[in-house]
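Coordinates as given in data_35.txt (compact mmCIF, C-alpha atoms (C1' of nucleotides)):
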# COMPACT_ATOMS: atom_id res chain seq x y z
CA MET S 27 243.31 71.20 3.73
CA THR S 28 240.28 73.23 4.57
CA ASP S 29 238.61 71.61 1.62
CA THR S 30 236.90 69.01 3.75
CA ARG S 31 235.79 71.66 6.21
CA SER S 32 234.24 73.82 3.54
CA ARG S 33 232.54 70.79 2.02
CA LEU S 34 231.03 70.03 5.41
CA VAL S 35 229.74 73.56 5.79
CA ARG S 36 228.31 73.68 2.30
CA THR S 37 226.57 70.36 2.74
CA ALA S 38 225.26 71.42 6.14
CA GLU S 39 223.80 74.54 4.59
CA ALA S 40 221.87 72.46 2.08
CA LEU S 41 220.83 69.95 4.72
CA PHE S 42 219.63 72.54 7.23
CA GLY S 43 217.75 74.32 4.50
CA ALA S 44 215.98 71.14 3.50
CA GLN S 45 215.29 69.47 6.86
CA GLY S 46 216.10 72.00 9.53
CA TYR S 47 218.79 71.91 12.16
CA ALA S 48 217.24 69.33 14.47
CA GLY S 49 216.21 67.13 11.57
CA SER S 50 219.69 66.85 10.13
CA ALA S 51 221.86 64.11 11.57
CA LEU S 52 225.63 64.43 11.60
CA LYS S 53 226.01 60.96 10.17
CA GLN S 54 223.91 61.98 7.20
CA LEU S 55 226.04 65.08 6.88
CA THR S 56 229.34 63.24 6.67
CA ASP S 57 227.90 60.66 4.31
CA SER S 58 226.37 63.26 2.05
CA ALA S 59 229.51 65.39 2.08
CA GLY S 60 231.75 62.40 1.53
CA ALA S 61 233.74 63.60 4.51
CA PRO S 62 235.27 61.33 7.14
CA TRP S 63 233.58 61.26 10.50
CA GLY S 64 236.81 61.94 12.30
CA SER S 65 237.24 65.24 10.50
CA LEU S 66 233.96 66.60 11.77
CA TYR S 67 235.13 66.90 15.34
CA HIS S 68 238.58 67.91 14.21
CA PHE S 69 237.24 71.01 12.48
CA PHE S 70 234.34 71.57 14.87
CA PRO S 71 235.43 70.53 18.35
CA GLY S 72 232.31 72.20 19.69
CA GLY S 73 230.19 69.62 17.90
CA LYS S 74 226.92 70.23 16.12
CA ALA S 75 226.40 73.68 17.62
CA GLU S 76 229.74 74.96 16.38
CA LEU S 77 229.14 73.48 12.95
CA GLY S 78 225.72 75.10 12.97
CA ALA S 79 227.14 78.50 13.82
CA ALA S 80 229.73 78.20 11.07
CA THR S 81 227.06 77.12 8.62
CA LEU S 82 224.84 80.07 9.50
CA ALA S 83 227.75 82.46 9.12
CA PHE S 84 228.52 80.95 5.73
CA ALA S 85 224.93 81.20 4.61
CA GLY S 86 224.75 84.78 5.88
CA GLU S 87 227.75 85.75 3.81
CA LYS S 88 226.70 83.78 0.74
CA TYR S 89 223.21 85.21 0.47
CA GLY S 90 224.44 88.62 1.58
CA GLU S 91 226.66 88.58 -1.45
CA ALA S 92 223.68 87.61 -3.59
CA TRP S 93 221.74 90.60 -2.29
CA ARG S 94 224.68 92.90 -2.97
CA ARG S 95 225.03 91.59 -6.50
CA ALA S 96 221.32 92.02 -7.12
CA PHE S 97 221.39 95.67 -6.09
CA ALA S 98 224.60 96.29 -8.02
CA ARG S 99 223.26 94.77 -11.22
CA THR S 100 219.80 96.31 -11.08
CA PRO S 101 219.80 100.05 -10.38
CA ASP S 102 216.19 100.22 -9.27
CA PRO S 103 216.00 98.54 -5.81
CA ALA S 104 212.33 97.71 -6.29
CA GLU S 105 213.20 95.78 -9.42
CA ALA S 106 216.21 94.14 -7.76
CA VAL S 107 214.03 92.91 -4.90
CA TRP S 108 211.47 91.60 -7.34
CA ARG S 109 214.17 89.63 -9.11
CA MET S 110 215.16 88.02 -5.83
CA PHE S 111 211.60 86.79 -5.35
CA GLU S 112 211.44 85.60 -8.92
CA GLY S 113 214.84 83.94 -8.66
CA GLN S 114 213.91 82.12 -5.47
CA ALA S 115 210.74 80.86 -7.12
CA ARG S 116 212.88 79.33 -9.86
CA VAL S 117 215.45 77.92 -7.44
CA LEU S 118 212.88 76.33 -5.14
CA ALA S 119 210.88 74.90 -8.02
CA GLY S 120 214.05 73.54 -9.59
CA GLY S 121 214.88 71.72 -6.37
CA GLY S 122 211.47 70.11 -6.14
CA TRP S 123 210.47 72.48 -3.30
CA ARG S 124 212.80 70.63 -0.98
CA ALA S 125 215.40 73.30 -0.32
CA GLY S 126 214.79 76.37 1.77
CA CYS S 127 216.48 79.02 3.84
CA PRO S 128 218.79 77.38 6.40
CA VAL S 129 218.68 80.40 8.67
CA ALA S 130 214.90 80.44 8.91
CA ALA S 131 214.82 76.69 9.44
CA THR S 132 217.37 76.88 12.22
CA THR S 133 215.59 79.78 13.86
CA LEU S 134 212.41 77.74 14.06
CA ASP S 135 214.24 74.77 15.58
CA MET S 136 216.11 76.70 18.21
CA ALA S 137 213.83 77.10 21.22
CA GLY S 138 216.04 75.62 23.90
CA LEU S 139 219.13 75.58 21.73
CA ASP S 140 222.52 77.09 22.18
CA ALA S 141 222.34 80.84 22.61
CA ALA S 142 225.22 81.16 20.18
CA LEU S 143 223.10 79.57 17.48
CA ARG S 144 220.29 81.99 18.14
CA ALA S 145 222.76 84.85 17.86
CA ALA S 146 224.14 83.42 14.61
CA CYS S 147 220.65 83.37 13.13
CA ALA S 148 220.03 86.93 14.22
CA GLU S 149 223.32 88.05 12.74
CA ALA S 150 222.65 86.47 9.35
CA PHE S 151 219.29 88.20 9.18
CA ALA S 152 220.83 91.48 10.35
CA THR S 153 223.42 91.26 7.59
CA TRP S 154 220.77 90.94 4.93
CA LEU S 155 218.58 93.64 6.45
CA ALA S 156 221.51 96.05 6.48
CA ILE S 157 222.27 95.43 2.82
CA ILE S 158 218.65 95.94 1.80
CA ALA S 159 218.28 99.06 3.91
CA GLU S 160 221.49 100.47 2.52
CA ALA S 161 220.29 100.03 -1.04
CA LEU S 162 217.07 101.86 -0.19
CA GLU S 163 218.92 104.67 1.54
CA ALA S 164 221.19 105.04 -1.47
CA ASN S 165 218.06 105.79 -3.45
CA GLY S 166 216.92 108.60 -1.24
CA LEU S 167 214.95 107.02 1.58
CA PRO S 168 215.62 108.21 5.12
CA PRO S 169 217.32 105.58 7.31
CA SER S 170 214.33 104.85 9.51
CA ARG S 171 212.05 104.31 6.53
CA ALA S 172 214.67 102.19 4.79
CA GLY S 173 215.04 100.00 7.87
CA ALA S 174 211.30 99.47 8.17
CA LEU S 175 210.98 98.57 4.49
CA ALA S 176 213.91 96.19 4.75
CA HIS S 177 211.93 94.36 7.43
CA LEU S 178 209.03 94.16 5.00
CA VAL S 179 211.18 92.87 2.16
CA LEU S 180 213.00 90.15 4.09
CA ALA S 181 210.01 89.05 6.15
CA THR S 182 207.87 88.70 3.06
CA LEU S 183 210.53 86.79 1.16
CA GLU S 184 211.14 84.34 4.00
CA GLY S 185 207.45 83.83 4.59
CA ALA S 186 206.63 83.43 0.92
CA MET S 187 209.31 80.78 0.59
CA ILE S 188 207.60 78.80 3.34
CA LEU S 189 204.17 79.09 1.74
CA ALA S 190 205.60 78.15 -1.64
CA ARG S 191 207.36 75.09 -0.23
CA ALA S 192 204.26 73.90 1.60
CA SER S 193 202.07 74.18 -1.46
CA GLY S 194 204.64 73.37 -4.12
CA ASP S 195 203.51 76.46 -5.97
CA PRO S 196 205.47 79.59 -6.90
CA ALA S 197 202.39 81.82 -6.62
CA PRO S 198 203.05 83.01 -3.03
CA LEU S 199 206.52 84.16 -4.03
CA LEU S 200 205.35 85.86 -7.19
CA ASP S 201 202.26 87.49 -5.67
CA ALA S 202 203.97 88.72 -2.54
CA GLY S 203 207.07 89.74 -4.46
CA ALA S 204 205.06 91.81 -6.92
CA ALA S 205 203.26 93.55 -4.07
CA VAL S 206 206.55 94.36 -2.35
CA ARG S 207 207.96 95.64 -5.62
CA ASP S 208 204.99 97.99 -5.97
CA VAL S 209 205.41 99.27 -2.42
CA LEU S 210 209.08 100.00 -2.98
CA GLY S 211 208.39 101.60 -6.34
CA ARG S 212 205.87 103.94 -4.78
CA GLU S 213 208.13 104.80 -1.84
CA LEU S 214 211.02 105.54 -4.16
CA GLY S 215 208.78 107.78 -6.17
CA ARG S 216 208.69 106.33 -9.62
CA MET L 5 187.87 60.48 27.42
CA THR L 6 189.22 62.48 24.55
CA ASP L 7 190.61 64.83 27.15
CA THR L 8 194.01 63.20 27.08
CA ARG L 9 194.03 63.23 23.32
CA SER L 10 193.23 66.91 23.11
CA ARG L 11 195.85 67.67 25.74
CA LEU L 12 198.40 65.83 23.62
CA VAL L 13 197.47 67.79 20.53
CA ARG L 14 197.51 71.12 22.32
CA THR L 15 200.88 70.40 23.86
CA ALA L 16 202.24 69.21 20.54
CA GLU L 17 201.13 72.45 18.94
CA ALA L 18 203.11 74.45 21.48
CA LEU L 19 206.09 72.13 21.23
CA PHE L 20 206.21 72.14 17.43
CA GLY L 21 205.88 75.89 17.45
CA ALA L 22 208.79 76.26 19.81
CA GLN L 23 211.21 73.60 18.59
CA GLY L 24 209.90 72.34 15.29
CA TYR L 25 208.62 68.90 14.40
CA ALA L 26 211.95 67.09 14.26
CA GLY L 27 213.19 68.79 17.40
CA SER L 28 210.27 67.69 19.54
CA ALA L 29 210.59 64.27 21.14
CA LEU L 30 207.53 62.23 21.96
CA LYS L 31 208.84 61.58 25.45
CA GLN L 32 209.01 65.30 26.07
CA LEU L 33 205.49 65.60 24.70
CA THR L 34 203.97 63.07 27.08
CA ASP L 35 205.88 64.47 30.04
CA SER L 36 204.91 68.02 29.24
CA ALA L 37 201.29 67.09 28.62
CA GLY L 38 201.14 64.94 31.73
CA ALA L 39 199.80 62.20 29.50
CA PRO L 40 200.68 58.54 29.79
CA TRP L 41 202.96 57.14 27.14
CA GLY L 42 200.60 54.28 26.44
CA SER L 43 197.85 56.70 25.44
CA LEU L 44 199.94 58.24 22.72
CA TYR L 45 199.87 55.19 20.51
CA HIS L 46 196.31 54.44 21.51
CA PHE L 47 195.07 57.73 20.10
CA PHE L 48 197.63 57.93 17.32
CA PRO L 49 198.38 54.42 16.07
CA GLY L 50 200.20 55.97 13.16
CA GLY L 51 202.80 57.35 15.53
CA LYS L 52 204.45 60.73 15.32
CA ALA L 53 203.32 61.44 11.76
CA GLU L 54 199.65 60.94 12.63
CA LEU L 55 200.00 63.06 15.73
CA GLY L 56 201.70 65.70 13.62
CA ALA L 57 198.90 65.73 11.07
CA ALA L 58 196.30 66.06 13.82
CA THR L 59 198.28 68.85 15.42
CA LEU L 60 198.54 70.75 12.15
CA ALA L 61 194.82 70.36 11.55
CA PHE L 62 194.13 71.65 15.04
CA ALA L 63 196.45 74.62 14.58
CA GLY L 64 194.88 75.34 11.20
CA GLU L 65 191.43 75.49 12.73
CA LYS L 66 192.51 77.41 15.83
CA TYR L 67 194.29 80.21 14.02
CA GLY L 68 191.71 80.17 11.26
CA GLU L 69 189.16 81.00 13.91
CA ALA L 70 191.41 83.79 15.16
CA TRP L 71 191.55 85.26 11.66
CA ARG L 72 187.77 85.05 11.35
CA ARG L 73 187.26 86.74 14.67
CA ALA L 74 189.70 89.49 13.73
CA PHE L 75 187.83 90.28 10.53
CA ALA L 76 184.46 90.07 12.26
CA ARG L 77 185.46 92.41 15.05
CA THR L 78 187.27 94.98 12.92
CA PRO L 79 185.31 96.08 9.85
CA ASP L 80 188.32 97.44 7.98
CA PRO L 81 190.39 94.43 6.82
CA ALA L 82 193.55 96.52 6.68
CA GLU L 83 193.12 97.37 10.33
CA ALA L 84 192.23 93.79 11.24
CA VAL L 85 195.41 92.52 9.60
CA TRP L 86 197.44 95.13 11.40
CA ARG L 87 196.00 93.97 14.70
CA MET L 88 197.08 90.43 13.95
CA PHE L 89 200.66 91.62 13.49
CA GLU L 90 200.45 93.70 16.63
CA GLY L 91 198.89 90.85 18.56
CA GLN L 92 201.54 88.39 17.47
CA ALA L 93 204.23 90.83 18.54
CA ARG L 94 202.70 90.86 22.01
CA VAL L 95 202.22 87.10 22.14
CA LEU L 96 205.76 86.30 21.01
CA ALA L 97 207.32 88.85 23.33
CA GLY L 98 205.23 87.54 26.22
CA GLY L 99 206.53 84.05 25.61
CA GLY L 100 210.14 85.15 25.61
CA TRP L 101 210.32 84.75 21.82
CA ARG L 102 210.27 81.01 22.22
CA ALA L 103 206.91 80.20 20.66
CA GLY L 104 206.21 80.39 16.96
CA CYS L 105 203.96 79.07 14.23
CA PRO L 106 203.86 75.27 14.36
CA VAL L 107 202.85 75.02 10.71
CA ALA L 108 205.79 77.04 9.47
CA ALA L 109 208.16 75.13 11.72
CA THR L 110 206.87 71.79 10.49
CA THR L 111 207.03 72.91 6.88
CA LEU L 112 210.70 73.72 7.27
CA ASP L 113 211.44 70.34 8.88
CA MET L 114 209.65 68.24 6.33
CA ALA L 115 212.03 67.60 3.45
CA GLY L 116 211.91 63.82 3.32
CA LEU L 117 208.96 63.54 5.65
CA ASP L 118 205.62 61.91 5.26
CA ALA L 119 203.72 63.32 2.30
CA ALA L 120 200.63 63.52 4.49
CA LEU L 121 202.42 65.96 6.77
CA ARG L 122 203.37 68.14 3.86
CA ALA L 123 199.75 68.13 2.74
CA ALA L 124 198.59 69.01 6.24
CA CYS L 125 200.89 72.03 6.27
CA ALA L 126 199.63 73.13 2.89
CA GLU L 127 196.03 72.75 4.01
CA ALA L 128 196.50 74.85 7.15
CA PHE L 129 198.03 77.63 5.10
CA ALA L 130 195.32 77.32 2.48
CA THR L 131 192.65 77.67 5.17
CA TRP L 132 194.12 80.92 6.40
CA LEU L 133 194.67 82.26 2.91
CA ALA L 134 191.06 81.59 2.02
CA ILE L 135 189.79 83.46 5.07
CA ILE L 136 192.00 86.46 4.38
CA ALA L 137 191.09 86.54 0.70
CA GLU L 138 187.41 86.27 1.53
CA ALA L 139 187.59 89.25 3.85
CA LEU L 140 189.24 91.28 1.11
CA GLU L 141 186.69 90.22 -1.46
CA ALA L 142 183.91 91.17 0.91
CA ASN L 143 185.33 94.67 0.81
CA GLY L 144 185.21 95.01 -2.93
CA LEU L 145 188.40 93.49 -4.25
CA PRO L 146 188.21 91.13 -7.23
CA PRO L 147 189.02 87.50 -6.36
CA SER L 148 192.37 87.38 -8.13
CA ARG L 149 193.59 90.54 -6.43
CA ALA L 150 192.31 89.33 -3.07
CA GLY L 151 194.16 86.05 -3.46
CA ALA L 152 197.41 87.76 -4.33
CA LEU L 153 197.14 90.12 -1.39
CA ALA L 154 196.33 87.24 0.93
CA HIS L 155 199.65 85.72 -0.11
CA LEU L 156 201.32 88.99 0.82
CA VAL L 157 199.60 89.19 4.19
CA LEU L 158 200.31 85.64 5.33
CA ALA L 159 203.82 85.46 3.91
CA THR L 160 204.79 88.70 5.56
CA LEU L 161 203.31 87.68 8.90
CA GLU L 162 205.05 84.31 8.92
CA GLY L 163 208.35 85.79 7.85
CA ALA L 164 208.18 88.66 10.30
CA MET L 165 207.54 86.22 13.13
CA ILE L 166 210.77 84.45 12.23
CA LEU L 167 212.79 87.65 12.11
CA ALA L 168 211.29 88.79 15.39
CA ARG L 169 212.08 85.52 17.08
CA ALA L 170 215.65 85.49 15.86
CA SER L 171 216.35 89.01 17.05
CA GLY L 172 214.08 89.06 20.08
CA ASP L 173 212.65 92.30 18.81
CA PRO L 174 209.07 93.17 17.79
CA ALA L 175 210.25 95.68 15.19
CA PRO L 176 210.06 93.31 12.19
CA LEU L 177 206.45 92.49 13.02
CA LEU L 178 205.48 96.11 13.59
CA ASP L 179 207.35 97.51 10.58
CA ALA L 180 206.22 94.86 8.13
CA GLY L 181 202.70 94.87 9.58
CA ALA L 182 202.36 98.61 9.17
CA ALA L 183 203.55 98.39 5.58
CA VAL L 184 201.04 95.66 4.80
CA ARG L 185 198.28 97.67 6.45
CA ASP L 186 199.14 100.63 4.21
CA VAL L 187 199.07 98.45 1.10
CA LEU L 188 195.67 97.05 1.99
CA GLY L 189 194.35 100.47 2.89
CA ARG L 190 195.37 101.82 -0.48
CA GLU L 191 193.98 98.86 -2.38
CA LEU L 192 190.69 99.12 -0.57
CA GLY L 193 190.56 102.78 -1.45
CA ARG L 194 190.62 104.70 1.80
C1' DA Y 1 178.64 39.61 38.85
C1' DC Y 2 180.48 39.56 34.57
C1' DC Y 3 182.09 41.02 30.22
C1' DG Y 4 183.89 44.18 26.35
C1' DG Y 5 185.78 48.02 24.93
C1' DT Y 6 188.40 52.10 26.18
C1' DC Y 7 192.25 53.88 28.21
C1' DT Y 8 196.51 53.55 31.17
C1' DA Y 9 200.94 51.77 32.77
C1' DT Y 10 205.63 49.97 32.07
C1' DA Y 11 209.29 47.37 30.31
C1' DT Y 12 211.66 46.84 26.49
C1' DC Y 13 213.05 46.78 21.62
C1' DG Y 14 216.51 47.88 17.81
C1' DA Y 15 218.11 51.99 15.65
C1' DT Y 16 220.14 56.06 15.76
C1' DC Y 17 221.47 60.21 18.14
C1' DG Y 18 225.72 63.36 19.24
C1' DC Y 19 230.06 62.54 20.84
C1' DT Y 20 234.74 60.52 22.49
C1' DC Y 21 238.62 57.88 22.01
C1' DT Y 22 242.77 55.88 20.08
C1' DA Y 23 245.47 54.58 16.25
C1' DG Y 24 247.15 55.38 11.85
C1' DA Y 25 247.86 58.17 7.46
C1' DT Y 26 249.64 62.23 5.45
C1' DG Y 27 252.48 66.09 4.57
C1' DC Y 28 255.70 69.84 5.72
C1' DC Y 29 260.07 71.17 7.99
C1' DG Y 30 264.63 70.29 9.80
C1' DC E 9 265.77 60.45 7.29
C1' DG E 10 263.29 61.82 11.69
C1' DG E 11 259.97 64.84 14.16
C1' DC E 12 255.73 67.11 14.56
C1' DA E 13 251.29 68.97 13.50
C1' DT E 14 247.42 68.13 10.69
C1' DC E 15 243.98 65.30 9.14
C1' DT E 16 241.66 60.72 8.53
C1' DA E 17 239.75 56.34 10.04
C1' DG E 18 236.49 53.84 12.54
C1' DA E 19 235.21 51.33 16.73
C1' DG E 20 232.52 52.24 20.36
C1' DC E 21 230.32 55.17 24.32
C1' DG E 22 225.88 56.26 26.95
C1' DA E 23 221.66 58.39 25.96
C1' DT E 24 217.67 58.89 23.65
C1' DC E 25 214.93 58.22 19.57
C1' DG E 26 210.21 56.29 17.79
C1' DA E 27 207.75 52.26 18.30
C1' DT E 28 205.92 47.74 20.28
C1' DA E 29 204.17 44.35 23.54
C1' DT E 30 201.67 42.94 27.28
C1' DA E 31 199.20 43.34 31.40
C1' DG E 32 196.07 45.73 34.14
C1' DA E 33 192.68 49.59 35.48
C1' DC E 34 188.36 51.51 34.62
C1' DC E 35 183.48 51.50 33.38
C1' DG E 36 178.85 51.12 31.28
C1' DG E 37 175.50 47.57 29.82
C1' DT E 38 173.16 43.34 30.61
Structure rendered as structure tokens:
Amino acid sequence: MTDTRSRLVRTAEALFGAQGYAGSALKQLTDSAGAPWGSLYHFFPGGKAELGAATLAFAGEKYGEAWRRAFARTPDPAEAVWRMFEGQARVLAGGGWRAGCPVAATTLDMAGLDAALRAACAEAFATWLAIIAEALEANGLPPSRAGALAHLVLATLEGAMILARASGDPAPLLDAGAAVRDVLGRELGR
Amino acid sequence: MTDTRSRLVRTAEALFGAQGYAGSALKQLTDSAGAPWGSLYHFFPGGKAELGAATLAFAGEKYGEAWRRAFARTPDPAEAVWRMFEGQARVLAGGGWRAGCPVAATTLDMAGLDAALRAACAEAFATWLAIIAEALEANGLPPSRAGALAHLVLATLEGAMILARASGDPAPLLDAGAAVRDVLGRELGR
DNA sequence: ACCGGTCTATATCGATCGCTCTAGATGCCG
DNA sequence: CGGCATCTAGAGCGATCGATATAGACCGGT
């Protein structure tokens, strides 16, 4: 079954988000996932790096889907983005400010790491940026402007999550999110 | 001499910024700093956590000073903030996109870590936020608005640095920085 | 010359790291 | 039932982790 494999990836996503890539031990992963140690290297012969790449790809798809849903459910992109900020504030607070974005955490741990991991981080971010930019373009913004604003949206969200986690306070997410919402609202002309 | 101690802290700042807290080994630190292993536990009897706290305090002061200088040199806060984004783009690119913010990296590694470390991260961020907010207040913004915009500025900068590092591209920093500059310019009424 | 505190130098500790190996379940196909 | 690929199980590898212990170098003050 691929059940064990998917459990490993899901657990790794949570673990990387909470403690980073370097800070997460494989033993802790198998324990926490309830998965046998032998299976780890059966599914990921490439070891931790391959597991990391798979985890980043999973996270990229999972949160990409969340972005898509947000834009589908809320017609106004500015409002959809705001709800992502607001939603993350609730999620992080609900988890005691322990969880975070696994892609950002891995990016910051990856100085001398596998180049494939670096590429996996970049690809996850690129996926999200493309979805955001597309939603802005669909509402009349020219591609170059949409791409630049997507950078603003994602950068601010990732950064605000860090500030919120450090302080244990949703204010950075809410303040920065509201400002980004206003920028988008003005750019979209409403 | 405190020379060795300061060399350790400086090297730790670079190391944490590049590979995170968990990803940086103390052996690598002493080697890279050219400092004797015995000195490490002489200056930091509390071990890695104490060294980490000292490093975060140092980074908080160092970059706090950079923020102060930026606002002192450039009268328009919007322009000063923009120059910080631009400057970071140059610094990161010059370092091959390996270096990053040690405070953000430590924050993302600190799930089950020492509570003192978490507090040290929060304090470094709070220092920077206060400086940014003060500069905005000095230009006529009410305190609550200045605080909210400081959240936007710092969150966006930290997040954009992550995106830029992952992609090896200054565009996130430049795009997001320009957008933040425009927001500040509008709020300050020019 | 001697002493006391500061700092350096190594050798070593147990624990844990990522990883490998072999043996045994398990399940699907003939 | 037998044969084969998939998956599990866990002992154990060398390396490295953070941390400790102890001995010596250095140096100003008396």
What are the residues of chain Y lining chain L at 12 Å or less? Count all atoms listed in the file, and put the answer as an MDAnalysis selection string. chainID Y and resid 6:11 17
Dump of C-alpha atoms (C1' of nucleotides) for the selected residues, as a PDB file, keeping the file's coordinate frame:
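Done, and the output landed in result.pdb:
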ATOM      1  C1'  DT Y   6     188.400  52.100  26.180  1.00  0.00           C
ATOM      2  C1'  DC Y   7     192.250  53.880  28.210  1.00  0.00           C
ATOM      3  C1'  DT Y   8     196.510  53.550  31.170  1.00  0.00           C
ATOM      4  C1'  DA Y   9     200.940  51.770  32.770  1.00  0.00           C
ATOM      5  C1'  DT Y  10     205.630  49.970  32.070  1.00  0.00           C
ATOM      6  C1'  DA Y  11     209.290  47.370  30.310  1.00  0.00           C
ATOM      7  C1'  DC Y  17     221.470  60.210  18.140  1.00  0.00           C
TER       8       DC Y  17
END
Kindly determine which residues of chain E lie within 10 Å of chain L, considering only C-alpha atoms (C1' of nucleotides), and give the answer as a count of residues only. 5
Quick check, in Å to one decimal: how far apart do C1' of DA25 (chain Y) and CA of Arg36 (chain S) lie?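 Taking C1' of DA25 (chain Y) as the start and CA of Arg36 (chain S) as the end point, the length is 25.5 Å.
In this model, the gap between CA of Glu141 (chain L) and CA of Leu167 (chain L) comes to 29.5 Å.
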Should the cut-off be 7 Å, what would the residue list for chain S against chain L look like, counting all atoms listed in the file, as a ChimeraX atom specification? /S:44-46,48-49,124,130-131,133-137,144,147-148,174,177-178,181-182,184-186,188-189,192-193,198,201-202,205
Residues within 7 Å of Ala63 (chain L), only C-alpha atoms (C1' of nucleotides), excluding chain neighbours under 4 positions, as a PyMOL selection string: chain L and resi 17+59+67
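Interatomic distance, CA of Pro196 (chain S) to CA of Ala115 (chain S): 5.4 Å.
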From the set L:Ala76, L:Ala119, L:Ala142, L:Val85, which residue has the shortest atom-to-atom contact distance to Leu188 (chain L), counting all atoms listed in the file? L:Val85
Find the smallest box with edges along x, y and z containing every listed atom of region 136-144 of chain L, then add 5 Å on each side and report centre and edge lengths in Å to one decimal, as lines of an AutoDock Vina configuration file.
center_x = 188.0
center_y = 90.6
center_z = 0.7
size_x = 18.1
size_y = 18.7
size_z = 17.3
